[in-house]
$ cat structure35.cif   # mmCIF, C-alpha atoms and all ligand atoms
data_input
loop_
_atom_site.label_atom_id
_atom_site.label_comp_id
_atom_site.auth_asym_id
_atom_site.auth_seq_id
_atom_site.Cartn_x
_atom_site.Cartn_y
_atom_site.Cartn_z
CA MET A 989 0.00 0.00 0.00
CA LEU A 990 1.39 3.37 -1.06
CA GLU A 991 1.39 5.98 1.66
CA GLN A 992 2.85 9.46 1.81
CA GLN A 993 4.53 8.84 5.15
CA THR A 994 6.25 5.64 3.96
CA LEU A 995 7.33 7.34 0.75
CA LEU A 996 8.90 10.26 2.64
CA GLU A 997 10.57 7.90 5.09
CA LEU A 998 12.00 5.83 2.26
CA ILE A 999 13.43 8.86 0.45
CA GLY A 1000 14.66 10.24 3.79
CA SER A 1001 16.52 7.02 4.57
CA ARG A 1002 18.46 7.00 1.29
CA SER A 1003 21.34 9.02 -0.05
CA PHE A 1004 21.43 9.75 -3.76
CA ALA A 1005 24.74 9.71 -5.60
CA SER A 1006 23.92 12.69 -7.78
CA PHE A 1007 22.66 14.87 -4.90
CA PRO A 1008 24.93 17.24 -2.89
CA ALA A 1009 26.12 15.26 0.12
CA ASN A 1010 25.35 17.87 2.78
CA LEU A 1011 21.66 18.26 1.89
CA LYS A 1012 18.83 15.76 2.37
CA LEU A 1013 16.64 15.35 -0.66
CA VAL A 1014 13.53 14.68 1.44
CA ASP A 1015 13.73 18.19 2.87
CA PHE A 1016 12.99 19.63 -0.56
CA ILE A 1017 9.86 17.66 -1.36
CA THR A 1018 7.12 20.28 -1.58
CA GLN A 1019 4.22 18.00 -2.47
CA THR A 1020 3.26 14.39 -3.01
CA ASP A 1021 0.08 13.30 -4.68
CA ILE A 1022 -0.89 9.65 -4.47
CA LYS A 1023 -3.84 8.43 -6.53
CA GLY A 1024 -4.22 4.69 -6.89
CA GLY A 1025 -1.05 3.38 -8.48
CA SER A 1026 0.08 6.82 -9.56
CA VAL A 1027 2.39 9.05 -7.55
CA GLU A 1028 3.53 12.59 -8.23
CA VAL A 1029 6.50 13.88 -6.26
CA ASP A 1030 7.30 17.60 -6.54
CA ILE A 1031 10.78 18.71 -5.56
CA ARG A 1032 12.06 22.27 -5.38
CA LEU A 1033 15.79 22.69 -5.03
CA PRO A 1034 17.45 25.86 -3.76
CA PHE A 1035 20.39 25.60 -6.15
CA PRO A 1036 20.68 25.51 -9.96
CA CYS A 1037 20.33 21.86 -10.85
CA GLU A 1038 19.77 21.34 -14.56
CA GLY A 1039 22.68 18.89 -14.76
CA LEU A 1040 21.39 16.51 -12.11
CA ILE A 1041 17.67 16.41 -12.86
CA GLY A 1042 17.99 13.44 -15.25
CA SER A 1043 20.18 11.27 -13.02
CA LEU A 1044 18.28 12.18 -9.86
CA LYS A 1045 14.96 11.21 -11.45
CA GLU A 1046 16.48 7.90 -12.50
CA GLU A 1047 17.81 7.22 -9.02
CA LEU A 1048 14.49 8.14 -7.41
CA ASN A 1049 12.51 6.05 -9.86
CA ALA A 1050 14.73 3.05 -9.17
CA CYS A 1051 14.44 3.52 -5.39
CA LEU A 1052 10.63 3.90 -5.44
CA SER A 1053 10.01 1.14 -8.01
CA GLU A 1054 11.99 -1.27 -5.86
CA LYS A 1055 9.54 -0.70 -3.01
CA TRP A 1056 6.37 -0.37 -5.12
CA PRO A 1057 6.91 -2.34 -8.33
CA GLY A 1058 4.41 -1.54 -11.04
CA ALA A 1059 3.43 1.89 -9.66
CA ASN A 1060 3.69 4.89 -11.92
CA PHE A 1061 5.99 7.67 -10.63
CA ASN A 1062 5.94 11.20 -11.95
CA ILE A 1063 8.84 13.14 -10.45
CA VAL A 1064 8.97 16.89 -11.04
CA ILE A 1065 12.18 18.68 -10.09
CA LYS A 1066 12.45 22.47 -10.31
CA GLN A 1067 14.84 25.01 -8.92
CA HIS A 1068 13.99 28.06 -6.89
CA LEU A 1069 16.87 30.42 -6.24
CA VAL A 1070 16.67 32.99 -3.48
CA ALA A 1071 18.84 35.80 -2.15
CA TYR A 1072 20.75 35.06 1.03
CA GLU A 1073 21.62 37.49 3.74
CA THR A 1074 24.86 39.37 3.42
CA LYS A 1075 26.81 39.70 6.62
CA ALA A 1076 28.63 42.87 5.74
CA GLY A 1077 25.67 45.12 6.56
CA VAL A 1078 25.97 46.98 3.26
CA ALA A 1079 23.07 47.73 0.94
CA PRO A 1080 22.41 44.84 -1.45
CA LEU A 1081 22.41 45.36 -5.20
CA SER A 1082 18.76 45.40 -6.16
CA GLN A 1083 19.16 43.26 -9.29
CA VAL A 1084 21.65 40.74 -7.90
CA LYS A 1085 20.53 37.97 -5.54
CA ASN A 1086 23.93 36.68 -4.42
CA ILE A 1087 27.51 37.84 -4.82
CA ILE A 1088 30.20 35.19 -4.57
CA ALA A 1089 33.87 36.17 -4.34
CA VAL A 1090 36.55 33.85 -5.71
CA ALA A 1091 39.83 34.37 -3.86
CA SER A 1092 43.24 32.94 -3.07
CA GLY A 1093 46.16 34.16 -1.05
CA LYS A 1094 48.69 33.32 -3.75
CA GLY A 1095 48.80 34.50 -7.35
CA GLY A 1096 48.53 32.29 -10.39
CA VAL A 1097 46.71 29.37 -8.77
CA GLY A 1098 43.78 29.64 -11.18
CA LYS A 1099 41.27 32.06 -9.64
CA SER A 1100 40.30 33.64 -12.94
CA THR A 1101 40.17 30.24 -14.63
CA THR A 1102 37.90 28.96 -11.86
CA SER A 1103 35.77 32.15 -11.78
CA VAL A 1104 35.04 32.05 -15.50
CA ASN A 1105 34.30 28.33 -15.66
CA LEU A 1106 32.30 28.46 -12.43
CA ALA A 1107 30.18 31.34 -13.76
CA LEU A 1108 29.53 29.41 -16.98
CA ALA A 1109 28.82 26.22 -15.02
CA LEU A 1110 26.19 28.01 -12.90
CA GLN A 1111 24.62 29.30 -16.10
CA LYS A 1112 24.56 25.81 -17.67
CA GLU A 1113 22.92 24.57 -14.49
CA GLY A 1114 20.11 27.05 -15.07
CA ALA A 1115 21.03 30.25 -13.21
CA LYS A 1116 21.30 33.83 -14.47
CA VAL A 1117 24.91 34.78 -13.94
CA GLY A 1118 27.31 37.69 -14.17
CA ILE A 1119 31.06 37.94 -13.65
CA LEU A 1120 33.03 40.91 -12.41
CA ASP A 1121 36.77 41.08 -12.89
CA ALA A 1122 38.04 42.84 -9.76
CA ASP A 1123 41.67 42.44 -10.69
CA ILE A 1124 42.37 46.11 -11.21
CA TYR A 1125 46.07 45.56 -11.84
CA GLY A 1126 45.88 42.53 -14.11
CA PRO A 1127 42.40 41.96 -15.54
CA SER A 1128 42.18 38.68 -17.42
CA ILE A 1129 38.45 38.06 -17.80
CA PRO A 1130 38.05 39.99 -21.11
CA ILE A 1131 40.60 37.71 -22.80
CA MET A 1132 39.27 34.54 -21.18
CA LEU A 1133 35.75 35.35 -22.39
CA GLY A 1134 37.02 36.14 -25.88
CA ILE A 1135 36.04 39.84 -25.79
CA PRO A 1136 39.34 41.67 -25.16
CA GLU A 1137 38.46 44.56 -27.47
CA ALA A 1138 34.91 45.02 -26.23
CA ARG A 1139 33.90 48.35 -24.70
CA PRO A 1140 30.79 48.79 -22.57
CA THR A 1141 28.23 51.45 -23.46
CA SER A 1142 25.92 53.62 -21.41
CA ASN A 1143 22.34 54.54 -22.15
CA ASP A 1144 22.03 57.22 -19.48
CA LYS A 1145 25.61 58.48 -19.06
CA LYS A 1146 25.43 57.45 -15.38
CA THR A 1147 25.53 53.70 -15.48
CA ILE A 1148 27.36 51.23 -17.71
CA LEU A 1149 25.87 48.26 -19.47
CA PRO A 1150 27.65 44.94 -18.92
CA LEU A 1151 28.87 42.94 -21.88
CA ASN A 1152 27.56 39.53 -22.79
CA ALA A 1153 29.73 36.52 -23.55
CA HIS A 1154 28.76 32.85 -23.78
CA GLY A 1155 25.43 33.60 -22.05
CA ILE A 1156 26.75 35.46 -19.01
CA GLU A 1157 27.08 39.18 -18.23
CA ALA A 1158 30.57 40.51 -17.73
CA MET A 1159 32.27 43.64 -16.49
CA SER A 1160 35.95 44.33 -16.01
CA ILE A 1161 38.17 47.26 -15.30
CA GLY A 1162 39.97 45.95 -18.38
CA PHE A 1163 37.01 47.12 -20.51
CA LEU A 1164 37.22 50.64 -19.14
CA VAL A 1165 40.82 51.67 -18.68
CA ASP A 1166 44.11 51.02 -20.25
CA GLU A 1167 46.12 48.48 -18.25
CA LYS A 1168 49.13 50.82 -17.95
CA GLN A 1169 46.87 53.54 -16.55
CA ALA A 1170 45.46 51.26 -13.83
CA MET A 1171 48.92 49.99 -12.90
CA VAL A 1172 49.87 53.34 -11.37
CA TRP A 1173 46.74 53.65 -9.25
CA ARG A 1174 47.32 53.45 -5.55
CA GLY A 1175 45.29 51.17 -3.31
CA PRO A 1176 42.51 53.62 -2.35
CA MET A 1177 42.00 54.67 -5.95
CA ALA A 1178 41.81 51.09 -7.13
CA SER A 1179 39.38 50.30 -4.30
CA SER A 1180 37.04 53.15 -5.16
CA ALA A 1181 37.20 52.21 -8.84
CA LEU A 1182 36.08 48.71 -7.88
CA GLN A 1183 33.18 49.94 -5.76
CA GLN A 1184 32.06 52.20 -8.55
CA ILE A 1185 32.15 49.46 -11.14
CA VAL A 1186 30.09 47.11 -8.96
CA ARG A 1187 27.41 49.71 -8.24
CA ASP A 1188 27.38 51.57 -11.56
CA THR A 1189 26.98 48.53 -13.75
CA GLN A 1190 23.42 47.99 -14.90
CA TRP A 1191 23.35 44.27 -14.13
CA GLY A 1192 20.34 42.35 -15.35
CA GLU A 1193 18.35 40.25 -12.87
CA LEU A 1194 21.10 37.92 -11.70
CA ASP A 1195 20.96 34.90 -9.41
CA TYR A 1196 24.72 34.98 -8.92
CA LEU A 1197 27.43 37.53 -9.53
CA ILE A 1198 30.90 36.00 -9.40
CA ILE A 1199 33.72 38.36 -8.43
CA ASP A 1200 37.18 37.32 -9.55
CA LEU A 1201 39.55 38.83 -7.00
CA PRO A 1202 43.19 39.72 -7.42
CA PRO A 1203 45.59 37.59 -5.35
CA GLY A 1204 46.36 38.47 -1.75
CA THR A 1205 44.65 39.95 1.27
CA GLY A 1206 45.23 43.66 0.72
CA ASP A 1207 43.19 46.81 0.11
CA ILE A 1208 41.01 45.52 -2.70
CA GLN A 1209 39.94 42.47 -0.74
CA LEU A 1210 39.20 44.52 2.37
CA THR A 1211 37.18 47.09 0.42
CA MET A 1212 35.26 44.32 -1.16
CA ALA A 1213 34.51 42.79 2.19
CA GLN A 1214 33.44 46.07 3.77
CA LYS A 1215 31.71 47.93 0.96
CA ILE A 1216 30.32 45.32 -1.40
CA PRO A 1217 27.41 43.08 -0.33
CA VAL A 1218 29.28 39.80 -0.73
CA THR A 1219 27.25 36.74 0.30
CA ALA A 1220 30.06 34.20 0.43
CA ALA A 1221 33.55 33.37 -0.76
CA VAL A 1222 35.30 30.44 -2.45
CA ILE A 1223 39.01 29.75 -2.04
CA VAL A 1224 41.10 28.40 -4.91
CA THR A 1225 44.35 26.63 -4.10
CA THR A 1226 46.85 24.29 -5.67
CA PRO A 1227 47.92 21.32 -3.56
CA GLN A 1228 51.31 22.90 -2.89
CA ASP A 1229 52.30 23.81 0.68
CA LEU A 1230 53.07 27.38 -0.25
CA ALA A 1231 49.76 27.98 -1.95
CA LEU A 1232 48.03 26.32 0.99
CA ALA A 1233 49.70 28.63 3.49
CA ASP A 1234 48.43 31.57 1.45
CA ALA A 1235 44.99 30.07 1.13
CA LYS A 1236 44.85 29.90 4.95
CA LYS A 1237 45.54 33.64 5.07
CA ALA A 1238 42.65 34.26 2.71
CA ILE A 1239 40.33 32.09 4.83
CA THR A 1240 41.35 33.98 7.97
CA MET A 1241 40.72 37.31 6.23
CA PHE A 1242 37.18 36.30 5.28
CA GLU A 1243 36.56 35.06 8.82
CA LYS A 1244 37.62 38.43 10.19
CA VAL A 1245 35.23 40.32 7.96
CA SER A 1246 32.41 37.80 8.57
CA ILE A 1247 32.06 36.55 5.03
CA PRO A 1248 31.41 32.81 5.13
CA VAL A 1249 33.72 30.63 3.04
CA MET A 1250 31.60 28.13 1.10
CA GLY A 1251 34.41 25.81 0.14
CA VAL A 1252 37.78 25.14 -1.40
CA VAL A 1253 38.50 24.34 -5.05
CA GLU A 1254 41.72 22.43 -5.58
CA ASN A 1255 43.16 23.41 -8.95
CA MET A 1256 45.92 21.59 -10.84
CA ALA A 1257 45.33 18.62 -8.54
CA THR A 1258 46.89 16.11 -10.93
CA HIS A 1259 48.48 16.20 -14.34
CA ILE A 1260 47.16 13.86 -16.99
CA CYS A 1261 49.75 13.12 -19.70
CA ASN A 1262 48.44 13.91 -23.18
CA GLN A 1263 50.48 11.09 -24.65
CA CYS A 1264 49.88 8.15 -22.33
CA GLY A 1265 47.10 9.24 -19.96
CA HIS A 1266 49.35 8.71 -16.91
CA GLN A 1267 48.24 10.79 -13.90
CA GLU A 1268 50.81 12.53 -11.74
CA ALA A 1269 50.33 14.80 -8.71
CA ILE A 1270 53.06 17.26 -9.65
CA PHE A 1271 51.97 19.89 -7.13
CA GLY A 1272 51.59 17.38 -4.31
CA GLU A 1273 48.56 15.47 -3.15
CA GLY A 1274 45.45 16.06 -1.05
CA GLY A 1275 46.19 19.71 -0.19
CA GLY A 1276 42.64 20.94 -0.68
CA GLN A 1277 41.32 17.98 1.30
CA TYR A 1278 43.70 18.76 4.15
CA LEU A 1279 42.73 22.44 4.09
CA SER A 1280 39.05 21.66 4.12
CA GLU A 1281 39.44 19.21 7.01
CA ASP A 1282 41.65 21.56 8.99
CA TYR A 1283 39.22 24.47 8.66
CA ASP A 1284 36.03 22.46 8.43
CA ILE A 1285 35.35 23.94 5.01
CA PRO A 1286 34.00 21.65 2.28
CA LEU A 1287 36.18 20.59 -0.64
CA LEU A 1288 33.97 21.57 -3.56
CA GLY A 1289 35.96 19.74 -6.23
CA GLN A 1290 39.34 19.09 -7.83
CA LEU A 1291 40.48 20.11 -11.30
CA PRO A 1292 43.36 18.45 -13.12
CA LEU A 1293 46.20 20.40 -14.69
CA SER A 1294 45.00 20.12 -18.23
CA MET A 1295 46.41 21.61 -21.40
CA SER A 1296 42.91 21.99 -22.81
CA ILE A 1297 41.78 24.22 -19.90
CA ARG A 1298 44.59 26.66 -20.70
CA GLU A 1299 44.27 26.48 -24.48
CA LEU A 1300 40.53 27.07 -24.47
CA LEU A 1301 40.89 30.06 -22.13
CA ASP A 1302 43.57 31.58 -24.33
CA ALA A 1303 41.24 31.13 -27.29
CA GLY A 1304 38.41 32.93 -25.45
CA THR A 1305 36.06 29.94 -25.22
CA PRO A 1306 36.44 28.46 -21.73
CA THR A 1307 36.04 24.70 -21.22
CA VAL A 1308 32.45 24.88 -19.97
CA ALA A 1309 31.39 27.09 -22.92
CA ASP A 1310 33.25 24.93 -25.41
CA ASP A 1311 31.71 21.62 -24.36
CA PRO A 1312 29.38 21.75 -21.33
CA ASP A 1313 29.27 17.95 -21.26
CA SER A 1314 32.99 17.22 -21.24
CA GLU A 1315 34.52 15.44 -18.26
CA ILE A 1316 36.14 18.66 -16.99
CA SER A 1317 32.94 20.69 -17.50
CA HIS A 1318 31.14 18.15 -15.33
CA ILE A 1319 33.64 18.79 -12.53
CA TYR A 1320 32.97 22.54 -12.78
CA ARG A 1321 29.21 21.94 -12.84
CA GLU A 1322 29.39 19.74 -9.78
CA ILE A 1323 31.43 22.43 -8.02
CA ALA A 1324 28.76 24.98 -9.00
CA ARG A 1325 26.00 22.81 -7.52
CA ASN A 1326 27.96 21.98 -4.36
CA LEU A 1327 28.77 25.62 -3.79
CA THR A 1328 25.23 26.88 -4.18
CA ALA A 1329 23.86 23.95 -2.20
CA ASN A 1330 26.18 24.99 0.64
CA LEU A 1331 24.89 28.53 0.28
CA SER A 1332 21.36 27.30 0.93
CA VAL A 1333 22.48 25.66 4.17
CA LEU A 1334 24.03 28.93 5.20
CA GLY A 1335 20.77 30.81 4.73
CA LYS A 1336 18.60 28.31 6.53
CA ASP A 1337 19.22 25.31 8.69
CA PHE A 1338 17.55 22.44 6.86
CA SER A 1339 18.92 19.83 9.22
CA LYS A 1340 15.70 19.49 11.18
CA GLY A 1341 13.99 17.97 8.19
CA ALA A 1342 11.51 20.64 7.16
CA GLN A 1343 9.37 18.46 4.93
CA GLY A 1344 6.98 20.34 2.76
CA ILE A 1345 8.80 23.63 3.32
CA ASP A 1346 7.58 26.33 0.99
CA ILE A 1347 10.86 27.70 -0.27
CA SER A 1348 9.10 30.37 -2.32
CA THR A 1349 7.81 32.21 0.74
CA TRP A 1350 10.79 31.60 2.95
CA LYS A 1351 13.06 34.57 3.65
CA PRO A 1352 16.48 34.46 5.27
CA ALA A 1353 16.40 35.32 8.99
N1 LIG B 1401 43.64 23.46 -14.25
C1 LIG B 1401 44.44 24.09 -15.11
N2 LIG B 1401 45.09 23.42 -16.09
C2 LIG B 1401 45.93 24.07 -16.95
N3 LIG B 1401 46.18 25.36 -16.90
C3 LIG B 1401 45.56 26.09 -15.95
C4 LIG B 1401 44.65 25.50 -15.01
N4 LIG B 1401 44.19 26.48 -14.19
C5 LIG B 1401 44.79 27.63 -14.59
N5 LIG B 1401 45.60 27.40 -15.65
C6 LIG B 1401 46.45 28.36 -16.36
O1 LIG B 1401 47.31 28.93 -15.38
C7 LIG B 1401 47.50 30.31 -15.61
C8 LIG B 1401 47.07 31.09 -14.35
O2 LIG B 1401 45.67 30.93 -14.16
P1 LIG B 1401 44.76 32.15 -13.71
O3 LIG B 1401 45.05 33.36 -14.51
O4 LIG B 1401 43.37 31.64 -13.69
O5 LIG B 1401 45.29 32.32 -12.22
P2 LIG B 1401 44.96 33.48 -11.19
O6 LIG B 1401 44.99 32.85 -9.84
O7 LIG B 1401 43.73 34.19 -11.59
O8 LIG B 1401 46.20 34.42 -11.39
P3 LIG B 1401 46.40 35.91 -10.80
O9 LIG B 1401 46.77 35.71 -9.39
O10 LIG B 1401 47.48 36.47 -11.63
O11 LIG B 1401 45.10 36.62 -10.96
C9 LIG B 1401 46.66 30.65 -16.84
O12 LIG B 1401 47.50 30.65 -17.97
C10 LIG B 1401 45.66 29.52 -16.96
O13 LIG B 1401 45.30 29.26 -18.28
MG MG B 1402 43.39 36.24 -12.00
#
$ encode --input "structure35.cif" --output "structure tokens"
Amino acid sequence: MLEQQTLLELIGSRSFASFPANLKLVDFITQTDIKGGSVEVDIRLPFPCEGLIGSLKEELNACLSEKWPGANFNIVIKQHLVAYETKAGVAPLSQVKNIIAVASGKGGVGKSTTSVNLALALQKEGAKVGILDADIYGPSIPIMLGIPEARPTSNDKKTILPLNAHGIEAMSIGFLVDEKQAMVWRGPMASSALQQIVRDTQWGELDYLIIDLPPGTGDIQLTMAQKIPVTAAVIVTTPQDLALADAKKAITMFEKVSIPVMGVVENMATHICNQCGHQEAIFGEGGGQYLSEDYDIPLLGQLPLSMSIRELLDAGTPTVADDPDSEISHIYREIARNLTANLSVLGKDFSKGAQGIDISTWKPA
């Protein structure tokens, strides 16, 4: 006999391989409708989830059919993305739900690479996304998005319109000033330029704005933390000791300014030989894992050192834009889902098992 309670208990007792490990699927069931041998299960997820809908439906179907063979299951999975509270106490941007900063203590570990692919991955997963290049002294987003010569326009002489590339909105100091000109700016000038760009850009309605930060824990990062309504941060590191030590500094900085760190991305985790496919951990092993355990911060995912990641960026079509279904794109997409799933835990404690919660009317405390 099919009963709602048994169905919820069954789903609650299982873990699903394609579902983010720190959330419980049963908490996101908004409705069940059982009529004879027919069951509809409605699920609303608080993170962009396009890439897991197919596999999650399959897993759920298999789990339910095992218990009730012959029944007909109609599983509907939709996403509902909300704005989470910003801790900084600064006015939110009216059009942008959540701002996520991508940071590292050390330069050259792959922040911009991660920012661009993460932004594209969120978009492929079904979110509306923008990216802001906050690297005043060495902007790289225009090249990585294949629009180095682009110049933004204004329709009111007060605000600037972001550019569009591969389905996401983009803004960079690199679009506005000559690199040599920005190089001579002192910290405060660079910081106020950044604030102005964030606020004066006419962003569309965005679910997520990714900010690619310059390396380090200096003026720009502090301004960002104090003056820009950042929801959360992500730390990029290579497995190397040195990069890890710097990543720790970045984590500590975010702690001090009360911006929650959603996780660590380990970049260049292994090298896969183009010739023979042999995998080698040339920058050491398990660094991101160690960092996440030490600081109790989730490891969102690990990217290999791959020639194609670099080549595609240089050509202006990042991996996720080039082939959203490649193996590497799937890693970025999983990182995107893990990150935003973590964000939903931050905004609301789902651990008590709020079955039937109406996410659409819920507001962060
Ligand atoms: N996983 C990877 N595999 C291969 N090359 C990579 C990978 N990640 C980054 N790169 C390459 O490494 C270089 C540095 O990456 P990137 O510019 O993203 O680092 P960054 O941390 O933003 O640097 P900076 O501190 O200067 O802003 C780039 O040429 C990029 O193409
Ligand atoms: Mg960079």
$ residues_near_ligand --input "structure35.cif" --ligand "ligand LIG 1401 (chain B)" --cutoff "6 Å" --atoms "all atoms listed in the file" --output "list in words"
Gly1095, Gly1096, Val1097, Gly1098, Lys1099, Ser1100, Thr1101, Pro1202, Pro1203, Asn1255, Met1256, Leu1291, Pro1292, Leu1293, Ser1294, Met1295, Ile1297, Arg1298 and Leu1301 of chain A
$ residues_near_point --input "structure35.cif" --point "(13.4, 5.3, 1.3)" --cutoff "12 Å" --atoms "only C-alpha atoms" --output "PyMOL selection string"
chain A and resi 992-1004+1012-1014+1047-1056
$ write_last_selection --input "structure35.cif" --atoms "C-alpha atoms" --output "mmCIF file, keeping the file's coordinate frame"
data_model
loop_
_atom_site.group_PDB
_atom_site.id
_atom_site.type_symbol
_atom_site.label_atom_id
_atom_site.label_comp_id
_atom_site.auth_asym_id
_atom_site.auth_seq_id
_atom_site.Cartn_x
_atom_site.Cartn_y
_atom_site.Cartn_z
ATOM 1 C CA GLN A 992 2.850 9.460 1.810
ATOM 2 C CA GLN A 993 4.530 8.840 5.150
ATOM 3 C CA THR A 994 6.250 5.640 3.960
ATOM 4 C CA LEU A 995 7.330 7.340 0.750
ATOM 5 C CA LEU A 996 8.900 10.260 2.640
ATOM 6 C CA GLU A 997 10.570 7.900 5.090
ATOM 7 C CA LEU A 998 12.000 5.830 2.260
ATOM 8 C CA ILE A 999 13.430 8.860 0.450
ATOM 9 C CA GLY A 1000 14.660 10.240 3.790
ATOM 10 C CA SER A 1001 16.520 7.020 4.570
ATOM 11 C CA ARG A 1002 18.460 7.000 1.290
ATOM 12 C CA SER A 1003 21.340 9.020 -0.050
ATOM 13 C CA PHE A 1004 21.430 9.750 -3.760
ATOM 14 C CA LYS A 1012 18.830 15.760 2.370
ATOM 15 C CA LEU A 1013 16.640 15.350 -0.660
ATOM 16 C CA VAL A 1014 13.530 14.680 1.440
ATOM 17 C CA GLU A 1047 17.810 7.220 -9.020
ATOM 18 C CA LEU A 1048 14.490 8.140 -7.410
ATOM 19 C CA ASN A 1049 12.510 6.050 -9.860
ATOM 20 C CA ALA A 1050 14.730 3.050 -9.170
ATOM 21 C CA CYS A 1051 14.440 3.520 -5.390
ATOM 22 C CA LEU A 1052 10.630 3.900 -5.440
ATOM 23 C CA SER A 1053 10.010 1.140 -8.010
ATOM 24 C CA GLU A 1054 11.990 -1.270 -5.860
ATOM 25 C CA LYS A 1055 9.540 -0.700 -3.010
ATOM 26 C CA TRP A 1056 6.370 -0.370 -5.120
#
$ closest_residue --input "structure35.cif" --among "A:Pro1248, A:Gly1162, A:Pro1136, A:Pro1227" --to "Gly1276 in chain A" --atoms "all atoms listed in the file"
A:Pro1227
$ atom_distance --input "structure35.cif" --atom1 "CA of Gly1251 in chain A" --atom2 "CA of Ser1082 in chain A"
25.9 Å
$ closest_atom_pairs --input "structure35.cif" --of "chain A" --to "ligand MG 1402 (chain B)" --cutoff "12 Å" --atoms "only C-alpha atoms and all ligand atoms" --output "JSON lines"
{"residue": "A:Val1090", "atom": "CA", "partner": "B:MG1402", "partner_atom": "MG", "distance": 9.6}
{"residue": "A:Ala1091", "atom": "CA", "partner": "B:MG1402", "partner_atom": "MG", "distance": 9.1}
{"residue": "A:Ser1092", "atom": "CA", "partner": "B:MG1402", "partner_atom": "MG", "distance": 9.5}
{"residue": "A:Gly1093", "atom": "CA", "partner": "B:MG1402", "partner_atom": "MG", "distance": 11.5}
{"residue": "A:Lys1094", "atom": "CA", "partner": "B:MG1402", "partner_atom": "MG", "distance": 10.2}
{"residue": "A:Gly1095", "atom": "CA", "partner": "B:MG1402", "partner_atom": "MG", "distance": 7.3}
{"residue": "A:Gly1096", "atom": "CA", "partner": "B:MG1402", "partner_atom": "MG", "distance": 6.7}
{"residue": "A:Val1097", "atom": "CA", "partner": "B:MG1402", "partner_atom": "MG", "distance": 8.3}
{"residue": "A:Gly1098", "atom": "CA", "partner": "B:MG1402", "partner_atom": "MG", "distance": 6.7}
{"residue": "A:Lys1099", "atom": "CA", "partner": "B:MG1402", "partner_atom": "MG", "distance": 5.2}
{"residue": "A:Ser1100", "atom": "CA", "partner": "B:MG1402", "partner_atom": "MG", "distance": 4.1}
{"residue": "A:Thr1101", "atom": "CA", "partner": "B:MG1402", "partner_atom": "MG", "distance": 7.3}
{"residue": "A:Thr1102", "atom": "CA", "partner": "B:MG1402", "partner_atom": "MG", "distance": 9.1}
{"residue": "A:Ser1103", "atom": "CA", "partner": "B:MG1402", "partner_atom": "MG", "distance": 8.7}
{"residue": "A:Val1104", "atom": "CA", "partner": "B:MG1402", "partner_atom": "MG", "distance": 10.0}
{"residue": "A:Leu1120", "atom": "CA", "partner": "B:MG1402", "partner_atom": "MG", "distance": 11.4}
{"residue": "A:Asp1121", "atom": "CA", "partner": "B:MG1402", "partner_atom": "MG", "distance": 8.2}
{"residue": "A:Ala1122", "atom": "CA", "partner": "B:MG1402", "partner_atom": "MG", "distance": 8.8}
{"residue": "A:Asp1123", "atom": "CA", "partner": "B:MG1402", "partner_atom": "MG", "distance": 6.6}
{"residue": "A:Ile1124", "atom": "CA", "partner": "B:MG1402", "partner_atom": "MG", "distance": 10.0}
{"residue": "A:Tyr1125", "atom": "CA", "partner": "B:MG1402", "partner_atom": "MG", "distance": 9.7}
{"residue": "A:Gly1126", "atom": "CA", "partner": "B:MG1402", "partner_atom": "MG", "distance": 7.1}
{"residue": "A:Pro1127", "atom": "CA", "partner": "B:MG1402", "partner_atom": "MG", "distance": 6.8}
{"residue": "A:Ser1128", "atom": "CA", "partner": "B:MG1402", "partner_atom": "MG", "distance": 6.1}
{"residue": "A:Ile1129", "atom": "CA", "partner": "B:MG1402", "partner_atom": "MG", "distance": 7.8}
{"residue": "A:Pro1130", "atom": "CA", "partner": "B:MG1402", "partner_atom": "MG", "distance": 11.2}
{"residue": "A:Ile1131", "atom": "CA", "partner": "B:MG1402", "partner_atom": "MG", "distance": 11.3}
{"residue": "A:Met1132", "atom": "CA", "partner": "B:MG1402", "partner_atom": "MG", "distance": 10.2}
{"residue": "A:Ser1160", "atom": "CA", "partner": "B:MG1402", "partner_atom": "MG", "distance": 11.7}
{"residue": "A:Ile1199", "atom": "CA", "partner": "B:MG1402", "partner_atom": "MG", "distance": 10.5}
{"residue": "A:Asp1200", "atom": "CA", "partner": "B:MG1402", "partner_atom": "MG", "distance": 6.8}
{"residue": "A:Leu1201", "atom": "CA", "partner": "B:MG1402", "partner_atom": "MG", "distance": 6.8}
{"residue": "A:Pro1202", "atom": "CA", "partner": "B:MG1402", "partner_atom": "MG", "distance": 5.8}
{"residue": "A:Pro1203", "atom": "CA", "partner": "B:MG1402", "partner_atom": "MG", "distance": 7.1}
{"residue": "A:Gly1204", "atom": "CA", "partner": "B:MG1402", "partner_atom": "MG", "distance": 10.9}
{"residue": "A:Val1224", "atom": "CA", "partner": "B:MG1402", "partner_atom": "MG", "distance": 10.8}
